[in-house]
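S.K.: Structure provided below as structure tokens; questions to follow.
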Amino acid sequence: MSINVAEVIDRSPIGALQVRTILLCALVALLDGFDIQTMALVTPSLVAEWGLPRGAFGPVLSASFVGIMFGAMAGGVLGDRYGRRIILIAAFAFVGVSSLATSLADSTGHLIVLRMLTGFGIGACMPNFTALTAEYVPAKKVAFLVSLMYSAVPLGGVLGGYLAPALIAEFGWRSVFVAGGLIPFAICALLVVGLPESLRFLVARGGAEAKVGDILGQIDKSFVYAPGQAFEAQPKPPKGSVAELFTGGRAGLTVGIWVIFFFSLFGMYMLTSWLPSVFTDRGWPQAKAIQSVAMFQLGGIFGGLIIGWLIDRLGPFLVLTAAFVLAALFTAAIGGVPGTMTQTMAIIAVAGGAVVGAQLGMTSLAAGVYPTGARATGVGWGLGVGRLGAVISPTAGGFAIDAGWSQQALFLGAATPAVLCALATLVLWFSRGNQRLGKISG
């Protein structure tokens, strides 16, 4: 009789191997989050040093997201076919090389190319560290633990918001990219030593029964592998394929997820790309303007954990609908409610809790609705299609700023995507019911 590894994971307590896996994936997510934000953090310095208008950097900010879009799509498919671990390590090393090269850029053209390459590496990491985390935790805790791990992405933005001003003041803007390039190499060494491959992937690929037995023994202390022991990971997963996202009654769900990802990421990166520049124009000190992104991302960490916890208990669609409504209200309030710098920072933090938290909840949703053989593909293509919104939003924001939009109009515009996300989530809710993640993958 074969042993179902998914059932063993679901009934076993979370042990040292799973904690190590989540932490290592979170380290990658942390540096990815830092690298995503670096361009927005250094833009005020580049505007002053190169003497270019702020709108000139819209395409540079968008370039990162173009790379992330294609990287997420490619990385998801490759991870499902060749293994999450090897693709994650290779992609993260590529992030380091590309970020170091960005520190040598001397024109917006160079920045566009190099940020696109860095984004490709970041994008290829995302579906694989998401799938690895989702496949090593019990199904009833997927939303919370994936959100917990993925909260390292906004945490990277928080660290950038506080570290970048000091690095820029002491060493110049290029030092931010040097830091974002060197640290990934150290983390890659940790990944090579300590990161396991997905159990479900190993079972699906076959030929690694002894390795599966060893890992399973670390998860379930009562299990002892015997040569010849058979394993399964039902249902039998196919090789990574985009077509799999549209079979088994998942077509409507997939389209809905893509629509929500698009508008969610549009609104989120409209804010994170331009908050420092908007508040610099308002007269804030540059360090405080940069820290507005840190407050936004810090709120997102707490929001993501709360939303993930609620999703596991109340179901995804109810919770996400409410989160997107709050995101719209507080995004609009950033520009529409007059207040002191401290009061504005508080509104930004609450907006981040809803905007980023809802996005983290969407990532956990995507990780929970697809079968093993299509999980990284599903997350990768969801994030990839969503990045179209992230690609467009920085340039759209640059046009709006150059056109002289008032700050009230700018933030009302940034709130509109959250309204559309709430409506799209409602459509999914009524079409499928507010089911738990473990019950909607069919």
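Identifiers in this document derive from the order of the structure tokens: chains are assigned A, B, ..., residues are numbered from 1 separately in each chain, and ligands are numbered from 1 in order of occurrence.
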Would you kindly return, as a PyMOL selection string, each protein, DNA or RNA residue with an atom no farther than 10 Å from any atom of A:Phe223, considering only C-alpha atoms and excluding same-chain residues fewer than 5 positions away?
M.R.: chain A and resi 8+213-214+216-218
S.K.: Given only C-alpha atoms, how would the per-residue table for stretch 169-245 of chain A near stretch 49-67 of chain A read, listing every residue at most 12 Å away with its closest atom pair and distance in Å to one decimal, sorted by chain and number, as JSON lines?
M.R.:
```
{"residue": "A:Gly172", "atom": "CA", "partner": "A:Glu49", "partner_atom": "CA", "distance": 10.3}
{"residue": "A:Trp173", "atom": "CA", "partner": "A:Glu49", "partner_atom": "CA", "distance": 9.8}
{"residue": "A:Arg174", "atom": "CA", "partner": "A:Glu49", "partner_atom": "CA", "distance": 11.9}
```
S.K.: May I have a table of the residues of stretch 266-347 of chain A lying at most 12 Å from stretch 244-262 of chain A, giving each one's closest pair of atoms and their distance in Å to one decimal, counting only C-alpha atoms, ordered by chain and ascending residue number, as a Markdown table?
M.R.:
```
| residue | atom | partner | partner_atom | distance |
| --- | --- | --- | --- | --- |
| A:Phe266 | CA | A:Phe262 | CA | 6.1 |
| A:Gly267 | CA | A:Phe262 | CA | 8.8 |
| A:Met268 | CA | A:Phe262 | CA | 10.1 |
| A:Tyr269 | CA | A:Phe262 | CA | 10.9 |
| A:Pro316 | CA | A:Ile257 | CA | 11.9 |
| A:Phe317 | CA | A:Ile257 | CA | 11.1 |
| A:Leu320 | CA | A:Ile260 | CA | 10.3 |
| A:Thr321 | CA | A:Ile260 | CA | 10.7 |
| A:Phe324 | CA | A:Ile260 | CA | 10.0 |
```
S.K.: In Å, with one decimal, what is the gap from atom CA of A:Pro394 to atom CA of A:Ser273?
M.R.: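 Separation of atom CA of A:Pro394 and atom CA of A:Ser273: 6.1 Å.
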S.K.: Need to verify the contact set: A:Phe120, 7 Å, only C-alpha atoms, exclusion of same-chain residues closer than 5 positions in sequence. Can you return it as a VMD selection string?
M.R.: chain A and resid 67 to 68 70 to 71
S.K.: Could you tell me which of A:Ala403, A:Ala415, A:Gly397, A:His110 comes closest to A:Leu326 if we count only C-alpha atoms?
M.R.: A:Ala415
S.K.: Nearest to A:Gly304: which of A:Leu114, A:Met270, A:Ile334, A:Ala143 is it, counting only C-alpha atoms?
M.R.: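 Distance minimum relative to A:Gly304 lands on A:Ala143.
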S.K.: What separation in Å, quoted to one decimal, exists between atom CA of A:Ile36 and atom CA of A:Met116?
M.R.: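 Atom-to-atom, atom CA of A:Ile36 to atom CA of A:Met116, that is 10.8 Å.
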S.K.: Select from stretch 354-436 of chain A every residue with an atom at most 12 Å from any atom of stretch 275-295 of chain A, then for each give the shortest pair of atoms and their distance in Å to one decimal, using only C-alpha atoms, rows by chain and rising number, as CSV.
M.R.:
```
residue,atom,partner,partner_atom,distance
A:Val356,CA,A:Met295,CA,11.5
A:Pro394,CA,A:Leu275,CA,10.9
A:Gly397,CA,A:Val278,CA,10.2
A:Gly398,CA,A:Ser277,CA,10.1
A:Ala400,CA,A:Val278,CA,11.2
A:Ile401,CA,A:Val278,CA,8.3
A:Asp402,CA,A:Val278,CA,11.3
A:Gly404,CA,A:Val278,CA,11.5
A:Trp405,CA,A:Val278,CA,11.0
A:Ser406,CA,A:Val278,CA,10.3
A:Gln407,CA,A:Val278,CA,8.0
A:Gln408,CA,A:Val278,CA,11.4
A:Leu410,CA,A:Val278,CA,9.7
A:Phe411,CA,A:Leu275,CA,10.1
A:Ala414,CA,A:Leu275,CA,11.2
```
S.K.: Once you have the residues from the selection above, write them out as a PDB file, in the first residue's frame, restricted to C-alpha atoms.
M.R.:
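Result went into part-v3.pdb, see below:
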```
ATOM      1  CA  VAL A 356      -0.918  44.726   0.611  1.00  0.00           C
ATOM      2  CA  PRO A 394       4.074  53.576 -12.580  1.00  0.00           C
ATOM      3  CA  GLY A 397       1.212  57.680 -12.299  1.00  0.00           C
ATOM      4  CA  GLY A 398       4.062  59.569 -13.958  1.00  0.00           C
ATOM      5  CA  ALA A 400      -0.780  62.008 -13.951  1.00  0.00           C
ATOM      6  CA  ILE A 401       1.925  63.792 -11.939  1.00  0.00           C
ATOM      7  CA  ASP A 402       3.357  65.536 -15.003  1.00  0.00           C
ATOM      8  CA  GLY A 404      -0.601  68.370 -12.754  1.00  0.00           C
ATOM      9  CA  TRP A 405      -3.233  66.178 -11.098  1.00  0.00           C
ATOM     10  CA  SER A 406      -4.047  67.291  -7.573  1.00  0.00           C
ATOM     11  CA  GLN A 407      -3.044  64.890  -4.819  1.00  0.00           C
ATOM     12  CA  GLN A 408      -6.730  64.268  -4.084  1.00  0.00           C
ATOM     13  CA  LEU A 410      -4.183  61.136  -7.801  1.00  0.00           C
ATOM     14  CA  PHE A 411      -5.172  59.075  -4.763  1.00  0.00           C
ATOM     15  CA  ALA A 414      -5.172  54.927  -7.120  1.00  0.00           C
TER      16      ALA A 414
END
```
S.K.: Pick out the residues sitting within 9 Å of A:Glu232, and hand them over as a list in words; count only C-alpha atoms, and ignore anything fewer than 5 positions along from it in its own chain.
M.R.: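 Selected residues are Ser2, Ile3, Asn4, Val5, Ala6, Arg200, Val203 and Ala204 of chain A.
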S.K.: Those selected residues, please, written with C-alpha atoms and delivered as a tab-separated table (two decimals), in the first residue's frame.
M.R.:
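Produced file result-v4.tsv, reproduced below:
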```
chain	number	residue	atom	x	y	z
A	2	SER	CA	1.37	3.39	-0.96
A	3	ILE	CA	1.60	6.32	1.47
A	4	ASN	CA	-0.06	9.60	0.56
A	5	VAL	CA	2.47	12.30	1.49
A	6	ALA	CA	-0.16	15.07	1.48
A	200	ARG	CA	4.85	16.26	-3.73
A	203	VAL	CA	6.70	11.84	-5.60
A	204	ALA	CA	5.20	13.04	-8.88
```
S.K.: Show which residues sit within 8 Å of A:Val137, as an NGL selection string. Count only C-alpha atoms, and ignore same-chain residues fewer than 6 positions away.
M.R.: :A and (9-10 or 14 or 18 or 145)
S.K.: Produce a file of the selected residues containing N, CA and C atoms, as a PDB file, in the first residue's frame.
M.R.:
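Writing done, so here's part.pdb:
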```
ATOM      1  N   ILE A   9       1.459  15.109   5.751  1.00  0.00           N
ATOM      2  CA  ILE A   9       1.718  16.516   6.078  1.00  0.00           C
ATOM      3  C   ILE A   9       0.514  17.124   6.792  1.00  0.00           C
ATOM      4  N   ASP A  10      -0.693  16.811   6.324  1.00  0.00           N
ATOM      5  CA  ASP A  10      -1.902  17.405   6.897  1.00  0.00           C
ATOM      6  C   ASP A  10      -2.147  16.977   8.344  1.00  0.00           C
ATOM      7  N   ILE A  14       3.665  20.877  12.654  1.00  0.00           N
ATOM      8  CA  ILE A  14       4.730  21.543  11.900  1.00  0.00           C
ATOM      9  C   ILE A  14       6.034  21.417  12.670  1.00  0.00           C
ATOM     10  N   GLN A  18       9.939  21.893   8.309  1.00  0.00           N
ATOM     11  CA  GLN A  18       8.983  22.828   7.709  1.00  0.00           C
ATOM     12  C   GLN A  18       9.263  24.268   8.119  1.00  0.00           C
ATOM     13  N   LEU A 145      -0.109  30.588   6.750  1.00  0.00           N
ATOM     14  CA  LEU A 145       1.343  30.390   6.676  1.00  0.00           C
ATOM     15  C   LEU A 145       1.932  30.903   5.365  1.00  0.00           C
TER      16      LEU A 145
END
```
S.K.: Given only C-alpha atoms as the basis, pick out the residue of A:Leu155, A:Met73, A:Leu202, A:Val42 nearest to A:Ala26.
M.R.: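 For A:Ala26, the nearest of the candidates is A:Leu155.
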S.K.: How many Å lie between atom CA of A:Ala376 and atom CA of A:Val77, rounded to one decimal?
M.R.: 6.7 Å
